[in-house]
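Structure file input_20.cif; described as mmCIF, C-alpha atoms.
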```
data_protein
loop_
_atom_site.group_PDB
_atom_site.id
_atom_site.type_symbol
_atom_site.label_atom_id
_atom_site.label_comp_id
_atom_site.auth_asym_id
_atom_site.auth_seq_id
_atom_site.Cartn_x
_atom_site.Cartn_y
_atom_site.Cartn_z
ATOM 1 C CA ARG J 1 130.460 99.941 121.835
ATOM 2 C CA LYS J 2 133.734 98.022 121.589
ATOM 3 C CA LEU J 3 133.887 97.318 125.345
ATOM 4 C CA ALA J 4 130.301 96.075 125.368
ATOM 5 C CA ASP J 5 130.991 93.758 122.415
ATOM 6 C CA GLU J 6 134.114 92.350 124.083
ATOM 7 C CA ALA J 7 132.216 91.745 127.333
ATOM 8 C CA GLY J 8 129.157 90.336 125.547
ATOM 9 C CA VAL J 9 126.965 92.964 127.205
ATOM 10 C CA PRO J 10 124.015 94.495 125.334
ATOM 11 C CA ILE J 11 123.779 98.288 125.317
ATOM 12 C CA SER J 12 120.562 100.001 126.284
ATOM 13 C CA MET J 13 120.183 103.731 125.680
ATOM 14 C CA SER J 14 118.118 104.605 128.725
ATOM 15 C CA GLU J 15 118.340 108.325 129.305
ATOM 16 C CA HIS J 16 117.602 110.955 126.700
ATOM 17 C CA GLY J 17 115.725 114.184 127.037
ATOM 18 C CA ASN J 18 115.830 117.689 125.584
ATOM 19 C CA ALA J 19 113.655 120.774 125.430
ATOM 20 C CA ASP J 20 113.369 120.847 121.614
ATOM 21 C CA LYS J 21 109.627 120.622 120.972
ATOM 22 C CA SER J 22 110.141 120.257 117.198
ATOM 23 C CA GLY J 23 111.572 116.742 117.503
ATOM 24 C CA THR J 24 114.492 117.534 115.190
ATOM 25 C CA SER J 25 117.205 117.011 117.801
ATOM 26 C CA LEU J 26 115.378 113.936 119.137
ATOM 27 C CA ALA J 27 115.362 112.319 115.677
ATOM 28 C CA GLN J 28 119.036 113.188 115.224
ATOM 29 C CA ALA J 29 119.958 111.699 118.614
ATOM 30 C CA ILE J 30 118.049 108.461 117.926
ATOM 31 C CA LEU J 31 119.619 108.082 114.479
ATOM 32 C CA GLU J 32 123.129 108.730 115.793
ATOM 33 C CA ASP J 33 122.626 106.184 118.572
ATOM 34 C CA LEU J 34 121.223 103.576 116.178
ATOM 35 C CA HIS J 35 124.131 104.091 113.762
ATOM 36 C CA TYR J 36 127.042 104.305 116.208
ATOM 37 C CA LEU J 37 126.006 103.029 119.649
ATOM 38 C CA GLN J 38 123.777 100.260 118.230
ATOM 39 C CA PRO J 39 121.707 99.720 121.391
ATOM 40 C CA THR J 40 119.325 96.803 121.808
ATOM 41 C CA SER J 41 116.766 99.239 123.289
ATOM 42 C CA TRP J 42 116.243 103.012 123.375
ATOM 43 C CA TYR J 43 114.135 104.887 125.948
ATOM 44 C CA TYR J 44 112.995 108.478 126.227
ATOM 45 C CA TRP J 45 113.880 109.695 129.713
ATOM 46 C CA GLN J 46 110.641 111.352 130.775
ATOM 47 C CA PRO J 47 107.751 111.254 128.297
ATOM 48 C CA VAL J 48 105.424 113.359 130.477
ATOM 49 C CA GLU J 49 106.817 116.482 132.113
ATOM 50 C CA HIS J 50 105.251 118.886 134.601
ATOM 51 C CA ARG J 51 104.843 122.305 132.911
ATOM 52 C CA CYS J 52 108.058 121.932 130.951
ATOM 53 C CA PRO J 53 108.867 121.241 127.268
ATOM 54 C CA TRP J 54 111.329 118.449 128.145
ATOM 55 C CA GLY J 55 108.572 115.870 127.954
ATOM 56 C CA LEU J 56 106.944 114.535 124.828
ATOM 57 C CA VAL J 57 103.710 115.608 126.525
ATOM 58 C CA GLU J 58 103.572 118.670 128.742
ATOM 59 C CA ALA J 59 101.119 118.345 131.628
ATOM 60 C CA ASP J 60 100.001 120.086 134.765
ATOM 61 C CA LEU J 61 100.403 117.375 137.391
ATOM 62 C CA GLY J 62 98.955 119.546 140.136
ATOM 63 C CA GLU J 63 100.465 120.653 143.405
ATOM 64 C CA SER J 64 99.551 117.608 145.511
ATOM 65 C CA ALA J 65 99.341 113.835 145.181
ATOM 66 C CA SER J 66 95.530 114.049 145.061
ATOM 67 C CA SER J 67 95.513 116.533 142.137
ATOM 68 C CA GLU J 68 94.177 115.359 138.782
ATOM 69 C CA PRO J 69 96.766 115.684 135.999
ATOM 70 C CA ARG J 70 95.714 117.846 133.042
ATOM 71 C CA PRO J 71 97.421 118.248 129.662
ATOM 72 C CA CYS J 72 98.781 121.760 129.082
ATOM 73 C CA SER J 73 98.553 121.442 125.317
ATOM 74 C CA LEU J 74 98.541 118.864 122.556
ATOM 75 C CA PRO J 75 101.589 116.592 122.541
ATOM 76 C CA ASN J 76 104.760 118.280 121.332
ATOM 77 C CA ALA J 77 105.900 117.545 117.762
ATOM 78 C CA SER J 78 108.665 115.413 119.299
ATOM 79 C CA TYR J 79 105.930 112.995 120.453
ATOM 80 C CA TYR J 80 105.035 112.243 116.829
ATOM 81 C CA VAL J 81 108.681 112.017 115.784
ATOM 82 C CA PHE J 82 109.313 109.471 118.543
ATOM 83 C CA ALA J 83 106.144 107.614 117.539
ATOM 84 C CA HIS J 84 107.548 107.015 114.050
ATOM 85 C CA PHE J 85 110.547 105.219 115.504
ATOM 86 C CA THR J 86 108.500 103.162 117.971
ATOM 87 C CA ARG J 87 105.676 102.266 115.570
ATOM 88 C CA PHE J 88 107.821 101.126 112.681
ATOM 89 C CA LEU J 89 111.117 99.859 114.166
ATOM 90 C CA ARG J 90 109.722 97.113 116.383
ATOM 91 C CA SER J 91 111.114 94.595 118.830
ATOM 92 C CA GLY J 92 112.414 91.487 117.081
ATOM 93 C CA MET J 93 113.389 93.331 113.910
ATOM 94 C CA LEU J 94 116.984 93.101 112.756
ATOM 95 C CA PRO J 95 118.817 96.417 112.308
ATOM 96 C CA LEU J 96 120.276 96.889 108.840
ATOM 97 C CA HIS J 97 123.453 98.789 108.064
ATOM 98 C CA CYS J 98 122.420 102.106 106.547
ATOM 99 C CA THR J 99 124.983 104.571 105.201
ATOM 100 C CA ALA J 100 122.521 107.466 105.102
ATOM 101 C CA PRO J 101 122.803 109.373 108.419
ATOM 102 C CA TRP J 102 119.197 110.556 108.048
ATOM 103 C CA ALA J 103 117.656 107.075 107.914
ATOM 104 C CA ALA J 104 117.331 103.915 110.002
ATOM 105 C CA ALA J 105 116.307 100.557 108.555
ATOM 106 C CA CYS J 106 115.239 97.237 110.096
ATOM 107 C CA PHE J 107 114.199 93.885 108.637
ATOM 108 C CA SER J 108 111.302 91.836 110.001
ATOM 109 C CA PRO J 109 111.954 88.119 109.403
ATOM 110 C CA GLU J 110 108.376 87.308 110.486
ATOM 111 C CA GLU J 111 106.795 89.631 107.928
ATOM 112 C CA ASN J 112 109.615 89.444 105.365
ATOM 113 C CA SER J 113 109.538 93.234 105.192
ATOM 114 C CA VAL J 114 111.770 96.245 105.683
ATOM 115 C CA ALA J 115 110.819 99.262 107.782
ATOM 116 C CA LEU J 116 112.579 102.586 107.451
ATOM 117 C CA VAL J 117 112.392 105.798 109.423
ATOM 118 C CA VAL J 118 113.669 108.677 107.337
ATOM 119 C CA THR J 119 114.148 112.265 108.423
ATOM 120 C CA ASN J 120 114.245 115.337 106.236
ATOM 121 C CA PRO J 121 117.419 117.108 107.357
ATOM 122 C CA LYS J 122 116.722 120.123 105.150
ATOM 123 C CA ALA J 123 113.251 120.538 106.683
ATOM 124 C CA THR J 124 111.672 121.512 103.394
ATOM 125 C CA SER J 125 108.890 119.567 101.788
ATOM 126 C CA SER J 126 110.532 119.918 98.364
ATOM 127 C CA SER J 127 113.774 118.125 99.254
ATOM 128 C CA ARG J 128 114.057 114.453 98.291
ATOM 129 C CA GLN J 129 116.271 111.650 99.512
ATOM 130 C CA ARG J 130 116.930 108.326 97.842
ATOM 131 C CA LEU J 131 117.640 104.968 99.422
ATOM 132 C CA ARG J 132 118.673 101.964 97.393
ATOM 133 C CA LEU J 133 117.429 98.645 98.719
ATOM 134 C CA THR J 134 119.271 96.447 96.248
ATOM 135 C CA ALA J 135 119.479 93.529 98.689
ATOM 136 C CA PHE J 136 115.679 93.396 98.679
ATOM 137 C CA GLN J 137 115.119 93.200 94.921
ATOM 138 C CA PRO J 138 112.507 90.570 94.056
ATOM 139 C CA GLN J 139 113.956 87.316 92.708
ATOM 140 C CA GLY J 140 112.393 84.650 90.476
ATOM 141 C CA ARG J 141 108.830 84.900 89.233
ATOM 142 C CA GLY J 142 107.556 88.471 89.379
ATOM 143 C CA ALA J 143 111.079 89.896 89.543
ATOM 144 C CA GLY J 144 110.285 92.375 86.777
ATOM 145 C CA GLU J 145 107.217 93.717 88.555
ATOM 146 C CA ARG J 146 107.446 97.067 90.234
ATOM 147 C CA ARG J 147 106.994 96.785 93.997
ATOM 148 C CA ARG J 148 104.778 99.208 95.831
ATOM 149 C CA LEU J 149 106.319 101.150 98.666
ATOM 150 C CA GLN J 150 104.071 102.447 101.393
ATOM 151 C CA ALA J 151 105.148 105.384 103.486
ATOM 152 C CA VAL J 152 103.679 107.300 106.388
ATOM 153 C CA LEU J 153 104.609 110.950 106.673
ATOM 154 C CA THR J 154 104.414 113.307 109.596
ATOM 155 C CA GLU J 155 104.945 117.056 109.452
ATOM 156 C CA PRO J 156 104.025 118.215 112.969
ATOM 157 C CA ALA J 157 104.585 121.904 112.175
ATOM 158 C CA ALA J 158 102.036 121.624 109.342
ATOM 159 C CA GLY J 159 99.581 119.616 111.456
ATOM 160 C CA LYS J 160 100.027 116.510 109.260
ATOM 161 C CA LEU J 161 100.268 113.408 111.423
ATOM 162 C CA PHE J 162 100.736 109.849 110.111
ATOM 163 C CA VAL J 163 99.560 110.598 106.575
ATOM 164 C CA PRO J 164 99.679 107.553 104.227
ATOM 165 C CA TYR J 165 101.785 108.249 101.131
ATOM 166 C CA GLU J 166 102.561 106.237 97.983
ATOM 167 C CA ALA J 167 106.288 106.478 97.419
ATOM 168 C CA ASP J 168 108.087 105.851 94.162
#
```

Take the structure I supplied and represent it as structure tokens, if you would.
Amino acid sequence: RKLADEAGVPISMSEHGNADKSGTSLAQAILEDLHYLQPTSWYYWQPVEHRCPWGLVEADLGESASSEPRPCSLPNASYYVFAHFTRFLRSGMLPLHCTAPWAAACFSPEENSVALVVTNPKATSSSRQRLRLTAFQPQGRGAGERRRLQAVLTEPAAGKLFVPYEAD
């Protein structure tokens, strides 16, 4: 990171892959890279893989160039984990410093909004994490009003994908 800053060169994380279908290690790798490496872009190495769990989607690509590809199964849970990062932390957003190792936050100047991707490191639905967004407290008229926070949850192991949730 230091060498890239000194040279004025942006860092792109362009090669990641693992065989963890749950997405847990993928989320951890993305969060660590966002916190420490601070790349300007992040790519999954091979999203579709031939009969192998390394891809976000496992497919049978056939034995010849003329074969029709067929999915082997539904996308792996890691597909949905990756989708949370790519759907909510978008190009043009400004990364925010976040001290929680299980969360990433970005600010959208265009929409005047904050997007967060939060993981549940304990992997239990009963555990709770708290983030304080004191820099984004409403000012002036309406400052005393409670703001609504919208969340989207995914629990691939439970078959819950992109479920809207009212957070407190």

Point to revise | Contact residues around Leu31 in chain J with all atoms listed in the file at 8 Å, ignoring same-chain residues under 3 positions, as a ChimeraX atom specification | key: /J:27-28,34-35,101-104

Exercise for review: Record the distance separating CA of Ala83 in chain J and CA of Asp60 in chain J, expressed in Å with one decimal.
Suggested key: 22.1 Å

**Study point:** Picked residues, the PyMOL selection byres ((chain J and resi 105-108) around 7), as a PyMOL selection string
**Key:** chain J and resi 89+93-96+98+103-104+109-117

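For the choices J:Gln46, J:Asn120, J:Asn76, J:Ser41, the atom-to-atom distance to Leu161 in chain J is smallest for J:Asn76 when using only C-alpha atoms.
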
Check your understanding: Can you find the residues with an atom no farther than 12 Å from (119.9, 99.9, 128.3), counting only C-alpha atoms, and report them as a list in words?
Key ->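 Here is the list of nearby residues: Ala4, Val9, Pro10, Ile11, Ser12, Met13, Ser14, Glu15, His16, Asp33, Leu37, Gln38, Pro39, Thr40, Ser41, Trp42, Tyr43, Tyr44 and Trp45 of chain J.
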
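Of the listed residues J:Thr86, J:Thr99, J:Thr24, J:Ser78, the one whose atoms come nearest to Val48 in chain J is J:Ser78, with distances taken using all atoms listed in the file.
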
Which residues are close to Thr154 in chain J, i.e. within 12 Å by all atoms listed in the file, leaving aside same-chain residues fewer than 6 positions away? Reply as a JSON list (two decimals) with C-alpha atoms, keeping the file's coordinate frame.
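The resulting file, part14.json, is reproduced below:
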```json
[["chain", "number", "residue", "atom", "x", "y", "z"],
["J", 22, "SER", "CA", 110.14, 120.26, 117.20],
["J", 23, "GLY", "CA", 111.57, 116.74, 117.50],
["J", 77, "ALA", "CA", 105.90, 117.54, 117.76],
["J", 78, "SER", "CA", 108.66, 115.41, 119.30],
["J", 79, "TYR", "CA", 105.93, 113.00, 120.45],
["J", 80, "TYR", "CA", 105.04, 112.24, 116.83],
["J", 81, "VAL", "CA", 108.68, 112.02, 115.78],
["J", 82, "PHE", "CA", 109.31, 109.47, 118.54],
["J", 83, "ALA", "CA", 106.14, 107.61, 117.54],
["J", 84, "HIS", "CA", 107.55, 107.02, 114.05],
["J", 85, "PHE", "CA", 110.55, 105.22, 115.50],
["J", 117, "VAL", "CA", 112.39, 105.80, 109.42],
["J", 118, "VAL", "CA", 113.67, 108.68, 107.34],
["J", 119, "THR", "CA", 114.15, 112.26, 108.42],
["J", 120, "ASN", "CA", 114.24, 115.34, 106.24],
["J", 123, "ALA", "CA", 113.25, 120.54, 106.68],
["J", 125, "SER", "CA", 108.89, 119.57, 101.79],
["J", 160, "LYS", "CA", 100.03, 116.51, 109.26],
["J", 161, "LEU", "CA", 100.27, 113.41, 111.42],
["J", 162, "PHE", "CA", 100.74, 109.85, 110.11],
["J", 163, "VAL", "CA", 99.56, 110.60, 106.58],
["J", 164, "PRO", "CA", 99.68, 107.55, 104.23],
["J", 165, "TYR", "CA", 101.78, 108.25, 101.13]]
```

Incomplete range 47-65 of chain J brought to N, CA, C and O atoms, written out as a CSV table (one decimal), in the frame of the given file:
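Saved the output as rebuild-v9.csv:
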```csv
chain,number,residue,atom,x,y,z
J,47,PRO,N,108.7,110.9,129.3
J,47,PRO,CA,107.8,111.3,128.3
J,47,PRO,C,106.7,112.3,128.7
J,47,PRO,O,106.3,113.1,127.9
J,48,VAL,N,106.4,112.3,130.0
J,48,VAL,CA,105.4,113.4,130.5
J,48,VAL,C,106.2,114.2,131.5
J,48,VAL,O,106.8,113.7,132.4
J,49,GLU,N,106.1,115.5,131.3
J,49,GLU,CA,106.8,116.5,132.1
J,49,GLU,C,105.9,117.5,132.7
J,49,GLU,O,104.9,118.0,132.0
J,50,HIS,N,106.1,117.9,133.9
J,50,HIS,CA,105.3,118.9,134.6
J,50,HIS,C,105.6,120.3,134.1
J,50,HIS,O,106.7,120.8,134.4
J,51,ARG,N,104.7,120.9,133.4
J,51,ARG,CA,104.8,122.3,132.9
J,51,ARG,C,106.2,122.6,132.3
J,51,ARG,O,106.8,123.6,132.7
J,52,CYS,N,106.7,121.8,131.5
J,52,CYS,CA,108.1,121.9,131.0
J,52,CYS,C,108.1,121.2,129.6
J,52,CYS,O,107.6,120.1,129.4
J,53,PRO,N,108.8,121.8,128.6
J,53,PRO,CA,108.9,121.2,127.3
J,53,PRO,C,109.8,120.0,127.1
J,53,PRO,O,109.9,119.5,126.1
J,54,TRP,N,110.4,119.6,128.2
J,54,TRP,CA,111.3,118.4,128.1
J,54,TRP,C,110.6,117.1,127.9
J,54,TRP,O,111.2,116.2,127.4
J,55,GLY,N,109.3,117.1,128.2
J,55,GLY,CA,108.6,115.9,128.0
J,55,GLY,C,108.0,115.8,126.6
J,55,GLY,O,107.9,116.9,125.9
J,56,LEU,N,107.6,114.7,126.1
J,56,LEU,CA,106.9,114.5,124.8
J,56,LEU,C,105.5,115.1,125.0
J,56,LEU,O,105.0,115.6,124.0
J,57,VAL,N,105.0,115.0,126.2
J,57,VAL,CA,103.7,115.6,126.5
J,57,VAL,C,103.9,116.5,127.7
J,57,VAL,O,104.5,116.1,128.7
J,58,GLU,N,103.5,117.7,127.6
J,58,GLU,CA,103.6,118.7,128.7
J,58,GLU,C,102.3,118.6,129.5
J,58,GLU,O,101.2,118.7,128.9
J,59,ALA,N,102.3,118.5,130.8
J,59,ALA,CA,101.1,118.3,131.6
J,59,ALA,C,101.2,119.2,132.9
J,59,ALA,O,102.3,119.5,133.4
J,60,ASP,N,100.1,119.5,133.4
J,60,ASP,CA,100.0,120.1,134.8
J,60,ASP,C,99.6,118.9,135.7
J,60,ASP,O,98.5,118.4,135.7
J,61,LEU,N,100.6,118.5,136.5
J,61,LEU,CA,100.4,117.4,137.4
J,61,LEU,C,99.8,117.8,138.7
J,61,LEU,O,99.6,116.9,139.6
J,62,GLY,N,99.6,119.1,138.9
J,62,GLY,CA,99.0,119.5,140.1
J,62,GLY,C,100.0,119.8,141.2
J,62,GLY,O,101.2,119.5,141.1
J,63,GLU,N,99.6,120.3,142.3
J,63,GLU,CA,100.5,120.7,143.4
J,63,GLU,C,100.5,119.6,144.5
J,63,GLU,O,101.4,119.6,145.4
J,64,SER,N,99.6,118.6,144.5
J,64,SER,CA,99.6,117.6,145.5
J,64,SER,C,99.3,116.2,144.9
J,64,SER,O,98.9,116.1,143.7
J,65,ALA,N,99.5,115.2,145.7
J,65,ALA,CA,99.3,113.8,145.2
J,65,ALA,C,97.9,113.6,144.8
J,65,ALA,O,97.6,112.7,144.0
```
